[in-house]
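Student: Dropping in protein_26.cif, which is mmCIF, C-alpha atoms:
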```cif
data_model
loop_
_atom_site.label_atom_id
_atom_site.label_comp_id
_atom_site.auth_asym_id
_atom_site.auth_seq_id
_atom_site.Cartn_x
_atom_site.Cartn_y
_atom_site.Cartn_z
CA GLY K 1 133.36 31.25 167.44
CA GLN K 2 135.91 28.88 168.87
CA GLN K 3 138.33 27.39 166.34
CA VAL K 4 140.89 24.64 166.72
CA MET K 5 143.60 24.49 164.08
CA GLN K 6 146.09 21.72 163.45
CA ILE K 7 149.29 21.63 161.46
CA PRO K 8 150.47 20.04 159.34
CA GLN K 9 147.50 18.62 157.47
CA TYR K 10 149.57 15.71 156.14
CA GLN K 11 152.87 14.18 157.15
CA HIS K 12 154.68 11.41 155.33
CA VAL K 13 157.58 9.82 157.19
CA GLN K 14 159.91 6.91 156.83
CA GLU K 15 159.47 4.26 159.48
CA GLY K 16 161.72 5.10 162.41
CA GLU K 17 161.51 8.86 161.92
CA ASP K 18 159.86 11.14 164.46
CA PHE K 19 156.54 12.92 163.95
CA THR K 20 154.97 15.98 165.55
CA THR K 21 151.56 17.56 165.12
CA TYR K 22 150.56 20.91 166.59
CA CYS K 23 147.19 22.12 167.77
CA ASN K 24 146.21 25.76 168.32
CA SER K 25 142.99 27.12 169.71
CA SER K 26 141.62 30.62 169.23
CA THR K 27 140.43 30.55 172.83
CA THR K 28 141.72 29.18 176.12
CA LEU K 29 140.70 25.58 176.63
CA SER K 30 139.67 23.94 179.87
CA ASN K 31 141.32 20.73 178.66
CA ILE K 32 142.69 19.19 175.46
CA GLN K 33 141.99 15.70 174.23
CA TRP K 34 143.78 13.72 171.53
CA TYR K 35 142.16 11.10 169.33
CA LYS K 36 143.42 8.74 166.66
CA GLN K 37 141.36 7.64 163.68
CA ARG K 38 142.59 4.77 161.58
CA PRO K 39 141.62 4.74 157.88
CA GLY K 40 137.96 3.72 157.66
CA GLY K 41 137.59 3.77 161.42
CA HIS K 42 136.20 6.05 164.07
CA PRO K 43 138.06 8.38 166.45
CA VAL K 44 139.54 6.63 169.47
CA PHE K 45 140.54 8.53 172.58
CA LEU K 46 144.25 8.65 173.34
CA ILE K 47 144.70 11.06 176.23
CA GLN K 48 143.45 14.16 178.01
CA LEU K 49 145.54 17.04 179.38
CA VAL K 50 144.05 19.42 181.90
CA LYS K 51 146.78 21.43 183.60
CA SER K 52 148.75 24.31 182.13
CA GLY K 53 152.17 23.07 180.93
CA GLU K 54 151.22 19.44 181.46
CA VAL K 55 153.28 16.74 179.75
CA LYS K 56 152.15 13.12 179.49
CA LYS K 57 153.80 10.13 177.88
CA GLN K 58 152.38 6.93 176.47
CA LYS K 59 155.23 4.72 175.34
CA ARG K 60 156.54 6.47 172.19
CA LEU K 61 153.91 9.24 172.31
CA THR K 62 154.49 12.51 174.18
CA PHE K 63 151.68 15.01 174.68
CA GLN K 64 152.10 18.62 175.83
CA PHE K 65 149.61 21.28 176.87
CA GLY K 66 150.80 24.85 176.53
CA GLU K 67 151.25 27.24 179.44
CA ALA K 68 148.44 29.47 178.18
CA LYS K 69 146.20 26.43 177.56
CA LYS K 70 145.70 27.48 173.96
CA ASN K 71 148.03 25.06 172.23
CA SER K 72 149.13 21.46 172.40
CA SER K 73 151.41 19.04 170.61
CA LEU K 74 151.72 15.32 170.03
CA HIS K 75 155.15 13.87 169.32
CA ILE K 76 155.76 10.30 168.22
CA THR K 77 159.28 8.95 168.53
CA ALA K 78 160.50 6.38 166.02
CA THR K 79 157.27 5.93 164.09
CA GLN K 80 155.98 2.48 163.20
CA THR K 81 153.53 1.42 160.50
CA THR K 82 150.95 0.89 163.24
CA ASP K 83 151.00 4.65 163.89
CA VAL K 84 149.30 5.32 160.54
CA GLY K 85 146.08 7.30 160.85
CA THR K 86 144.75 10.78 161.46
CA TYR K 87 145.44 12.44 164.78
CA PHE K 88 142.90 14.94 166.09
CA CYS K 89 143.02 17.33 168.97
CA ALA K 90 139.77 18.43 170.57
CA GLY K 91 138.87 20.72 173.38
CA PRO K 92 136.06 22.55 175.08
CA ARG K 93 136.42 26.25 175.71
CA ASN K 94 134.96 25.91 179.16
CA GLN K 95 133.88 23.24 181.58
CA GLY K 96 131.05 21.31 180.02
CA GLY K 97 131.38 23.17 176.76
CA LYS K 98 131.07 21.62 173.35
CA LEU K 99 133.94 19.39 172.22
CA ILE K 100 135.44 21.03 169.13
CA PHE K 101 137.78 19.02 166.92
CA GLY K 102 140.67 20.25 164.83
CA GLN K 103 140.89 19.21 161.19
CA GLY K 104 143.47 16.55 161.99
CA THR K 105 146.93 15.58 160.83
CA GLU K 106 147.09 12.55 158.58
CA LEU K 107 150.21 10.47 159.19
CA SER K 108 151.49 7.97 156.68
CA VAL K 109 154.51 5.80 157.45
CA LYS K 110 156.61 4.21 154.75
CA PRO K 111 158.19 0.91 155.80
CA GLU E 1 131.28 -2.97 178.33
CA ALA E 2 129.32 -2.57 175.12
CA GLY E 3 130.32 0.35 172.95
CA VAL E 4 128.26 3.01 171.24
CA ALA E 5 125.92 1.36 168.75
CA GLN E 6 124.84 3.06 165.53
CA SER E 7 122.65 1.99 162.67
CA PRO E 8 122.56 1.73 159.79
CA ARG E 9 126.25 1.49 158.85
CA TYR E 10 125.64 2.64 155.30
CA LYS E 11 122.84 4.50 153.56
CA ILE E 12 122.40 5.71 150.00
CA ILE E 13 119.51 8.03 149.23
CA GLU E 14 118.50 10.42 146.51
CA LYS E 15 118.55 14.16 147.14
CA ARG E 16 115.36 15.52 148.66
CA GLN E 17 114.65 12.20 150.36
CA SER E 18 114.67 11.84 154.13
CA VAL E 19 116.87 9.64 156.28
CA ALA E 20 117.21 8.81 159.97
CA PHE E 21 120.12 7.55 162.00
CA TRP E 22 119.94 5.80 165.35
CA CYS E 23 122.39 5.79 168.23
CA ASN E 24 122.49 3.84 171.48
CA PRO E 25 125.15 5.25 173.80
CA ILE E 26 127.12 3.40 176.43
CA SER E 27 124.94 2.62 179.40
CA GLY E 28 125.09 5.33 182.04
CA HIS E 29 126.58 7.98 179.77
CA ALA E 30 124.72 11.23 180.25
CA THR E 31 126.29 13.17 177.39
CA LEU E 32 125.59 12.29 173.78
CA TYR E 33 127.05 13.95 170.69
CA TRP E 34 126.26 13.83 166.99
CA TYR E 35 129.11 14.75 164.68
CA GLN E 36 129.28 15.10 160.91
CA GLN E 37 132.58 14.11 159.33
CA ILE E 38 133.12 14.98 155.70
CA LEU E 39 135.92 13.07 154.00
CA GLY E 40 139.30 14.54 154.87
CA GLN E 41 137.97 16.80 157.61
CA GLY E 42 137.66 16.69 161.36
CA PRO E 43 134.37 15.81 163.04
CA LYS E 44 132.01 18.77 163.19
CA LEU E 45 129.70 18.89 166.19
CA LEU E 46 126.05 19.05 165.17
CA ILE E 47 124.35 18.68 168.52
CA GLN E 48 125.21 17.81 172.10
CA PHE E 49 122.72 16.40 174.62
CA GLN E 50 123.00 16.22 178.37
CA ASN E 51 120.51 13.53 179.37
CA ASN E 52 117.49 14.46 177.24
CA GLY E 53 118.21 18.19 177.10
CA VAL E 54 120.09 20.02 174.35
CA VAL E 55 123.37 21.61 175.47
CA ASP E 56 124.42 22.98 172.09
CA ASP E 57 122.90 22.81 168.63
CA SER E 58 124.42 25.96 167.18
CA GLN E 59 125.86 24.15 164.15
CA LEU E 60 122.80 22.04 163.38
CA PRO E 61 121.11 23.14 160.13
CA LYS E 62 117.72 23.29 161.71
CA ASP E 63 115.85 23.82 158.45
CA ARG E 64 116.62 20.23 157.49
CA PHE E 65 118.24 18.45 160.45
CA SER E 66 116.53 17.43 163.66
CA ALA E 67 117.61 15.31 166.59
CA GLU E 68 116.02 13.99 169.71
CA ARG E 69 117.02 11.98 172.71
CA LEU E 70 113.93 10.68 174.35
CA LYS E 71 114.25 9.42 177.93
CA GLY E 72 117.90 10.46 177.94
CA VAL E 73 119.16 7.23 176.33
CA ASP E 74 118.82 6.46 172.61
CA SER E 75 118.97 9.23 170.06
CA THR E 76 117.91 9.73 166.47
CA LEU E 77 119.20 12.23 163.92
CA LYS E 78 117.02 13.00 160.93
CA ILE E 79 117.68 14.81 157.68
CA GLN E 80 114.74 15.99 155.62
CA PRO E 81 115.16 16.80 152.79
CA ALA E 82 118.72 15.64 152.10
CA LYS E 83 121.13 17.58 149.90
CA LEU E 84 124.19 16.37 148.02
CA GLU E 85 126.47 18.17 150.49
CA ASP E 86 125.06 16.08 153.34
CA SER E 87 127.12 13.14 152.11
CA ALA E 88 129.36 12.35 155.06
CA VAL E 89 129.90 9.99 157.96
CA TYR E 90 127.61 10.71 160.89
CA LEU E 91 129.26 9.81 164.16
CA CYS E 92 127.54 9.39 167.47
CA ALA E 93 129.60 9.63 170.65
CA SER E 94 128.87 9.51 174.35
CA SER E 95 130.67 10.39 177.52
CA TYR E 96 130.00 9.72 181.17
CA ARG E 97 129.61 13.39 181.98
CA ARG E 98 130.13 16.78 180.33
CA VAL E 99 133.27 17.75 182.19
CA ASN E 100 136.74 16.42 181.48
CA THR E 101 135.82 12.99 180.24
CA GLU E 102 136.67 11.18 177.03
CA ALA E 103 134.15 10.67 174.29
CA PHE E 104 133.52 7.15 173.00
CA PHE E 105 132.57 7.01 169.33
CA GLY E 106 130.37 4.59 167.45
CA GLN E 107 131.32 3.13 164.06
CA GLY E 108 129.36 5.82 162.28
CA THR E 109 126.84 5.85 159.46
CA ARG E 110 128.20 6.59 156.01
CA LEU E 111 125.57 8.56 154.09
CA THR E 112 125.76 9.03 150.35
CA VAL E 113 123.29 11.40 148.74
CA VAL E 114 122.99 11.01 144.97
#
```
Output the file's structure in the form of structure tokens.
Tutor:
Amino acid sequence: GQQVMQIPQYQHVQEGEDFTTYCNSSTTLSNIQWYKQRPGGHPVFLIQLVKSGEVKKQKRLTFQFGEAKKNSSLHITATQTTDVGTYFCAGPRNQGGKLIFGQGTELSVKP
Amino acid sequence: EAGVAQSPRYKIIEKRQSVAFWCNPISGHATLYWYQQILGQGPKLLIQFQNNGVVDDSQLPKDRFSAERLKGVDSTLKIQPAKLEDSAVYLCASSYRRVNTEAFFGQGTRLTVV
């Protein structure tokens, strides 16, 4: 079945350093979504990418969708303590398909 | 707008007991999801509804789990009988439609089976 893998599982950075998490799907995705879950909280939607090779930015966050629509990345520039949490990618294999989540990358930021 | 409502927030039961969770999605959202999130893992989709019909329940352990969405609005997820490995957070989410739209999550129900 469809699998979505994320690496790394954990990342510890010093405040101000950059952070990147990578997402790989075993199948082509119709779109990729990114969510953030704060400790003790629930996943909150960050962004959706639909087009092959698409790049979107939200302030210090840069999201990319691979040309083959099987991988994606999230890059945070100059991390802050407010960036702490687990970042998940999720995607359906086809339009209207089930939303499958990766296992997440847990980010901790040391002030 | 009001978010996805779930109850209860916490539940502790003994193994072999039954338990039910309730979810009220955002008004007008046709798609409703139930996810199971074990500590340290990503949410695992249990069942997805489109209105009151099931789109996917391939990962729902049907020998003990059941879910329904009567009238295409509220939904309940039941576990009977519960096992120790069912201890997890059960998240309900909804989206406006199935295609290319974000999912809004509720606060979740933390279940502990002892």
Student: Write out as a compact mmCIF listing (two decimals) with C-alpha atoms, in the coordinates of the input the residues lying within 9 Å of range 97-114 of chain E, counting all atoms listed in the file and excluding same-chain residues fewer than 3 positions away.
Tutor:
```txt
# COMPACT_ATOMS: atom_id res chain seq x y z
CA SER K 30 139.67 23.94 179.87
CA ASN K 31 141.32 20.73 178.66
CA ILE K 32 142.69 19.19 175.46
CA GLN K 33 141.99 15.70 174.23
CA GLY K 41 137.59 3.77 161.42
CA HIS K 42 136.20 6.05 164.07
CA PRO K 43 138.06 8.38 166.45
CA VAL K 44 139.54 6.63 169.47
CA PHE K 45 140.54 8.53 172.58
CA LEU K 46 144.25 8.65 173.34
CA ILE K 47 144.70 11.06 176.23
CA GLN K 48 143.45 14.16 178.01
CA VAL K 50 144.05 19.42 181.90
CA PRO K 92 136.06 22.55 175.08
CA ASN K 94 134.96 25.91 179.16
CA GLN K 95 133.88 23.24 181.58
CA GLY K 96 131.05 21.31 180.02
CA GLY K 97 131.38 23.17 176.76
CA LYS K 98 131.07 21.62 173.35
CA LEU K 99 133.94 19.39 172.22
CA GLY E 3 130.32 0.35 172.95
CA VAL E 4 128.26 3.01 171.24
CA ALA E 5 125.92 1.36 168.75
CA GLN E 6 124.84 3.06 165.53
CA SER E 7 122.65 1.99 162.67
CA PRO E 8 122.56 1.73 159.79
CA ARG E 9 126.25 1.49 158.85
CA TYR E 10 125.64 2.64 155.30
CA LYS E 11 122.84 4.50 153.56
CA ILE E 12 122.40 5.71 150.00
CA ILE E 13 119.51 8.03 149.23
CA GLU E 14 118.50 10.42 146.51
CA LYS E 15 118.55 14.16 147.14
CA ARG E 16 115.36 15.52 148.66
CA GLN E 17 114.65 12.20 150.36
CA PHE E 21 120.12 7.55 162.00
CA CYS E 23 122.39 5.79 168.23
CA ASN E 24 122.49 3.84 171.48
CA PRO E 25 125.15 5.25 173.80
CA ILE E 26 127.12 3.40 176.43
CA HIS E 29 126.58 7.98 179.77
CA ALA E 30 124.72 11.23 180.25
CA THR E 31 126.29 13.17 177.39
CA LEU E 32 125.59 12.29 173.78
CA TYR E 33 127.05 13.95 170.69
CA GLN E 50 123.00 16.22 178.37
CA ALA E 82 118.72 15.64 152.10
CA LYS E 83 121.13 17.58 149.90
CA LEU E 84 124.19 16.37 148.02
CA GLU E 85 126.47 18.17 150.49
CA ASP E 86 125.06 16.08 153.34
CA SER E 87 127.12 13.14 152.11
CA ALA E 88 129.36 12.35 155.06
CA VAL E 89 129.90 9.99 157.96
CA TYR E 90 127.61 10.71 160.89
CA LEU E 91 129.26 9.81 164.16
CA CYS E 92 127.54 9.39 167.47
CA ALA E 93 129.60 9.63 170.65
CA SER E 94 128.87 9.51 174.35
```
Student: From the set K:Gly85, K:Thr28, K:Ala68, K:Thr21, which residue has the shortest atom-to-atom contact distance to Gln9 in chain K, counting only C-alpha atoms?
Tutor: K:Thr21
Student: For chain K, which of E:Ser27, E:Gln59, E:Ser18, E:Gln80 is the closest residue, counting only C-alpha atoms?
Tutor: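 Looking at the shortest contact to chain K, the residue is E:Gln59.
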Student: From the options E:Ser75, E:Gly28, E:Ser95, E:Leu70, which residue's atoms come nearest to chain K, counting all atoms listed in the file?
Tutor: E:Ser95
Student: Just the number, please: distance in Å from CA of Gln64 in chain K to CA of Ser52 in chain K, one decimal.
Tutor: 9.1 Å
Student: Mind writing chain K to a file for me, with C-alpha atoms, as a short mmCIF file (atom, residue, chain, number, x, y, z; two decimals), in the first residue's frame?
Tutor:
```cif
data_model
loop_
_atom_site.label_atom_id
_atom_site.label_comp_id
_atom_site.auth_asym_id
_atom_site.auth_seq_id
_atom_site.Cartn_x
_atom_site.Cartn_y
_atom_site.Cartn_z
CA GLY K 1 0.00 0.00 0.00
CA GLN K 2 0.91 3.64 -0.14
CA GLN K 3 3.64 4.72 2.29
CA VAL K 4 4.89 8.17 3.19
CA MET K 5 8.30 8.33 4.84
CA GLN K 6 9.92 11.29 6.55
CA ILE K 7 13.49 11.94 7.57
CA PRO K 8 14.95 12.70 9.96
CA GLN K 9 12.78 11.46 12.81
CA TYR K 10 14.30 13.98 15.23
CA GLN K 11 16.27 17.18 14.77
CA HIS K 12 17.81 19.24 17.53
CA VAL K 13 19.06 22.68 16.53
CA GLN K 14 20.39 25.79 18.14
CA GLU K 15 18.13 28.79 17.77
CA GLY K 16 19.07 30.61 14.58
CA GLU K 17 20.17 27.48 12.72
CA ASP K 18 18.33 26.19 9.68
CA PHE K 19 16.19 23.04 9.59
CA THR K 20 15.03 20.77 6.79
CA THR K 21 12.73 17.76 6.78
CA TYR K 22 12.21 15.49 3.80
CA CYS K 23 9.15 13.54 2.76
CA ASN K 24 9.11 10.62 0.31
CA SER K 25 6.14 8.72 -1.01
CA SER K 26 6.17 5.24 -2.50
CA THR K 27 3.59 6.41 -5.04
CA THR K 28 2.92 9.58 -7.00
CA LEU K 29 0.81 12.02 -5.02
CA SER K 30 -1.92 14.26 -6.36
CA ASN K 31 -0.90 16.87 -3.77
CA ILE K 32 1.19 17.17 -0.62
CA GLN K 33 0.12 18.85 2.58
CA TRP K 34 2.23 19.91 5.55
CA TYR K 35 1.02 20.06 9.13
CA LYS K 36 2.57 21.17 12.40
CA GLN K 37 1.74 19.60 15.75
CA ARG K 38 2.87 21.34 18.89
CA PRO K 39 3.60 19.17 21.95
CA GLY K 40 0.26 18.07 23.41
CA GLY K 41 -1.64 19.62 20.52
CA HIS K 42 -3.31 18.50 17.35
CA PRO K 43 -2.05 18.77 13.75
CA VAL K 44 -2.56 22.20 12.20
CA PHE K 45 -2.47 22.72 8.46
CA LEU K 46 0.43 24.76 7.12
CA ILE K 47 0.28 24.54 3.35
CA GLN K 48 -0.67 22.47 0.31
CA LEU K 49 1.37 21.96 -2.87
CA VAL K 50 -0.30 20.67 -5.99
CA LYS K 51 1.90 21.27 -9.02
CA SER K 52 5.03 19.38 -9.98
CA GLY K 53 8.13 21.37 -8.92
CA GLU K 54 6.06 23.87 -6.96
CA VAL K 55 7.79 26.05 -4.37
CA LYS K 56 5.90 28.08 -1.78
CA LYS K 57 7.14 30.34 0.98
CA GLN K 58 5.60 31.38 4.26
CA LYS K 59 7.91 33.86 5.97
CA ARG K 60 10.86 31.70 7.11
CA LEU K 61 9.34 28.44 5.82
CA THR K 62 9.98 27.16 2.28
CA PHE K 63 8.06 24.21 0.89
CA GLN K 64 8.96 22.26 -2.26
CA PHE K 65 7.14 19.58 -4.22
CA GLY K 66 9.33 17.33 -6.34
CA GLU K 67 9.17 17.13 -10.12
CA ALA K 68 7.91 13.55 -9.98
CA LYS K 69 5.39 14.45 -7.26
CA LYS K 70 6.78 11.74 -5.01
CA ASN K 71 8.82 13.84 -2.62
CA SER K 72 8.68 17.12 -0.78
CA SER K 73 10.71 19.17 1.66
CA LEU K 74 10.16 21.81 4.31
CA HIS K 75 12.99 24.19 5.11
CA ILE K 76 12.96 26.62 8.02
CA THR K 77 15.48 29.45 7.95
CA ALA K 78 16.85 30.77 11.23
CA THR K 79 14.76 28.66 13.58
CA GLN K 80 13.05 30.19 16.59
CA THR K 81 11.79 28.54 19.77
CA THR K 82 8.26 28.99 18.44
CA ASP K 83 9.09 26.52 15.64
CA VAL K 84 9.25 23.65 18.15
CA GLY K 85 6.91 20.78 17.30
CA THR K 86 6.49 17.84 14.96
CA TYR K 87 6.15 18.49 11.25
CA PHE K 88 4.13 16.04 9.19
CA CYS K 89 3.69 15.68 5.48
CA ALA K 90 0.54 14.05 4.17
CA GLY K 91 -0.78 13.23 0.77
CA PRO K 92 -3.39 11.33 -1.15
CA ARG K 93 -2.30 9.05 -3.94
CA ASN K 94 -5.11 10.22 -6.15
CA GLN K 95 -7.82 12.83 -6.21
CA GLY K 96 -10.15 12.18 -3.32
CA GLY K 97 -7.95 9.42 -1.98
CA LYS K 98 -7.22 8.84 1.66
CA LEU K 99 -4.91 11.33 3.36
CA ILE K 100 -1.84 9.38 4.49
CA PHE K 101 0.54 10.95 7.01
CA GLY K 102 4.26 10.44 7.35
CA GLN K 103 5.69 9.60 10.77
CA GLY K 104 6.81 13.20 11.29
CA THR K 105 10.00 15.02 12.15
CA GLU K 106 10.23 16.30 15.69
CA LEU K 107 12.06 19.61 15.91
CA SER K 108 13.52 20.91 19.14
CA VAL K 109 15.17 24.33 19.31
CA LYS K 110 17.66 25.24 21.98
CA PRO K 111 17.64 28.94 22.87
#
```
